[in-house]
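Engineer: Before anything else, here's the structure in question.
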Amino acid sequence: MIQGTASSVGKSLLTAGLCRIFRQEGYKVVPFKSQNMALNSFITSDGLEMGRAQVVQAEAAGIEPDVRMNPILLKPTTDRKSQVIINGKVYGNMPAAEYHNFKPKLKEMIKETYEELAGENDIVVIEGAGSPAEINLKDRDIVNMGMAEISGSPVLIVGDIDKGGVFASLAGTMMLLPEEEKRRVKGVIINKFRGDIEILKPGIKMIEDIIHVPVLGVIPYTKLSIDDEDSVSEKLSGRNEQKSSKTDIVVIRLPHISNYTDFNALENIPEVRVRYEEEASKIGCPDLIIIPGTKNTIEDLLYLRNSGIERTIIQLYRKGVPVFGICGGYQMMGIEINDPLNVESGLGNVSGMGLLDVITSMKEEKRTMQVEAQITPGSNKGILLGTQNIKVKGYEIHMGVTTPLDSIKDEQFSFTILDNKSSGKIQPDGACDSQGKAVGTYIHGIFDNYEFTIKLVNNLRNLNGLNALDDEKMDYNSFKQMEYDKLAKVIREHLDMPKIYEIINTWKEGC
């Protein structure tokens with residue numbers, strides 16, 4: 001089991017890297033995280049919702065994502081309330097205190113789910129959440145040492161040296177663990193190291209003397225194009241290194257932004273820069289504005305309105321800057337959002353941005369499914385020029401139903417859903433304005449489809465008088481597989497893998 005001194009220390013990627021290594025060495029390996037809190041989620045082939053981090057880990061392990069890898073998903077709707085998803089389906093919304101009292105009822109389900117996976121695989125790599133030293137939560141813990149007890153697992157603890165204070169965080173974590181939990185910890189890992197390892201070595205010796213477990217590796221800070229689930233990831237915080245670009249794309253950083261992994265493929269196209277902005281003054285005059293998905297469409301729309309971002313988007317749109325909305329962003333671009341059942345708020349309804357002639361009504365049932373769609377011939381204009389009849393794949397996760405005004409023309413639907421795993425019905429999706437300058441869709445993962453995305457980017461380049469990029473097909477999935485191999489190589493070189501195998505092979509409950 002991989003635990004950490006805090007959130008965002010690298011547990012998810014180290015879990016993915018170990019899954020990749022074990023897979024490379026011929027083991028049947030599966031990731032597991034009993035409870036994940038994240039707004040980045042994924043829909044499996046059977047229409048169930050799970051955390052995106054376990055999808056990445058499954059890809060690294062070379063297996064199909066399975067909701068059993070993440071039986072509990074918490075999606076925050078406010079600072080104090082989350083939507084609780086159990087085994088891929090919405091259970092309900094709960095305040096933090098209510099969920100804390102509810103957790104013990106989930107232990108048996110977690111145990112059964114874990115044992116199913118363990119029985120089908122050679123190795124289970126378990127990821128913890130946050131820190132195991134949250135002493136106010138330990139009595140009902142089901143994701144850190146509580147999960148280690150359920151699974152009978154040895155534990156490695158990861159600390160992030162890039163944040164500073166890694167030795168204090170490792171020592172403090174161990175100090176706050178009771179003796180029976182300390183016995184589970186078989187080593188620690190120092191992650192995201194930059195600099196001369198010789199300068200660090202005296203500290204390694206001292207921390208080993210203090211905590212009485214070995215440092216099994218110092219992993220260097222490495223730039224990888226692998227999905228990052230944490231909302232505090234570098235690209236969202238504005239600390240990521242930006243490449244030089246000729247196409248400037250701004251993604252609006254909503255307070256409840258979800259599924260921002262939708263834009264990873266865009267970031268890997270040459271001469272394209274993707275910025276995440278949360279202030280109107282920093283938007284500038286980009287080549288494209290994207291309004292992403294959100295866990296709370298109405299609240300985030302009001303945030304855009306009150307902060308002046310909505311006004312800036314509309315002004316830029318009127319000056320010719322195209323706007324692309326996905327899921328909640330698509331809903332915001334319409335005429336109105338109705339919430340008669342108070343699914344998201346008690347406001348009843350709010351006016352939208354008015355960029356698309358559609359109205360959204362919130363429903364209690366969440367639509368979750370993988371889909372295959374085709375770009376409609378009628379949307380062959382603006383930023384969608386040349387995309388007609390291109391087929392794309394993705395997935396839908398939304399509570400609302402969006403319908404066109406009576407005045408909208410059939411050709412203003414931007415996509416036709418050809419297939420989904422739930423009903424198989426052919427149906428329209430999304431919308432575009434008469435100029436192809438405003439486009440919306442419910443399809444997450446739309447930009448993972450390279451043929452579609454390179455056409456869109458080349459349309460933006462054409463507006464700036466730039467030559468088209470080579471549209472030779474790039475397999476984004478193959479690119480991701482190369483990144484997983486790169487991650488595995490870094491871990492192999494800097495982690496004591498013989499010791500890891502020794503821990504796996506000699507561990508017995510209670511040792």
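Chains: A, B, ... in order of the structure tokens. Residues: from 1 per chain. Ligands: from 1, in order shown.
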When you look at stretch 7-10 of chain A with a cut-off of 6 Å (counting only C-alpha atoms), what residues show up, excluding the ones that are within fewer than 4 positions of it in the same chain? I need them as a compact mmCIF listing (two decimals) with N, CA and C atoms, in the first residue's frame.
Structural biologist:
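The resulting file, part09.txt, is reproduced below:
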# COMPACT_ATOMS: atom_id res chain seq x y z
N GLY A 130 -4.76 11.46 1.16
CA GLY A 130 -4.31 12.44 2.14
C GLY A 130 -3.20 11.87 2.99
N GLY A 159 6.78 11.09 0.81
CA GLY A 159 6.85 12.51 1.17
C GLY A 159 7.33 13.32 -0.02
N ASP A 160 6.84 14.54 -0.15
CA ASP A 160 7.16 15.43 -1.28
C ASP A 160 8.21 16.45 -0.84
Engineer: Find the spatial neighbours of A:Thr78, counting only C-alpha atoms, within a cut-off of 10 Å - ignore same-chain residues fewer than 6 positions away - and output them as a CSV table (one decimal) with C-alpha atoms, in the first residue's frame.
Structural biologist:
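Generated output (result14.csv):
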chain,number,residue,atom,x,y,z
A,95,PRO,CA,-22.5,16.8,4.5
A,255,PRO,CA,-14.4,26.7,-8.6
A,256,HIS,CA,-15.9,23.2,-9.1
A,295,LYS,CA,-19.8,19.6,-10.4
A,296,ASN,CA,-22.1,22.6,-9.7
A,299,GLU,CA,-23.1,28.0,-8.6
A,344,GLU,CA,-27.9,21.9,-7.5
Engineer: How would you write, as a ChimeraX atom specification, the set of residues in stretch 148-220 of chain A that DSSP gives as strand (DSSP E or B)?
Structural biologist: /A:155-160,185-193,215-220
Engineer: With distances taken over only C-alpha atoms, which of A:Phe102, A:Phe193, A:Trp507, A:Tyr395 is nearest to A:Ile142?
Structural biologist: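 Result for the nearest residue to A:Ile142: A:Phe102.
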Engineer: To one decimal in Å, tell me the separation between atom CA of A:Ala265 and atom CA of A:Glu451.
Structural biologist: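 Here the two named atoms are 11.6 Å from each other.
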Engineer: Which residue, A:Glu396, A:Glu49, A:Asp300, A:Glu372, has the smallest gap to A:Lys75 when you use only C-alpha atoms?
Structural biologist: A:Glu49
Engineer: Which residues come within 10 Å of A:Tyr317, counting only C-alpha atoms, excluding same-chain residues fewer than 6 positions away, as a ChimeraX atom specification?
Structural biologist: /A:288-289,311,323,355,437-438
Engineer: Choose the residue, out of A:Arg273, A:Lys111, A:Lys186, A:Lys246, that has the smallest atom-to-atom separation from A:Glu208; count only C-alpha atoms.
Structural biologist: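 Answer, going by the shortest atom-to-atom distance: A:Lys186.
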Engineer: Could you check which of A:Leu460, A:Cys19, A:Cys432, A:Ile249 is closest to A:Val274, using only C-alpha atoms?
Structural biologist: A:Ile249
Engineer: Please determine, counting only C-alpha atoms, which residue among A:Leu463, A:Val185, A:Ile110, A:Ile390 has the shortest atom-to-atom distance to A:Gly4.
Structural biologist: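 Checking each of A:Leu463, A:Val185, A:Ile110, A:Ile390 against A:Gly4, counting only C-alpha atoms, the winner is A:Val185.
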Engineer: Tell me which protein, DNA and RNA residues are within 10 Å of stretch 123-125 of chain A, counting only C-alpha atoms, leaving out same-chain ones fewer than 5 positions away, and put them as a PyMOL selection string.
Structural biologist: chain A and resi 1-2+14-16+18-19+22-23+27-33+57+69+114-115+117-118+151+153+504
Engineer: Find the spatial neighbours of A:Leu177, counting only C-alpha atoms, within a cut-off of 9 Å - ignore same-chain residues fewer than 4 positions away - and output them as a count of residues only.
Structural biologist: 7
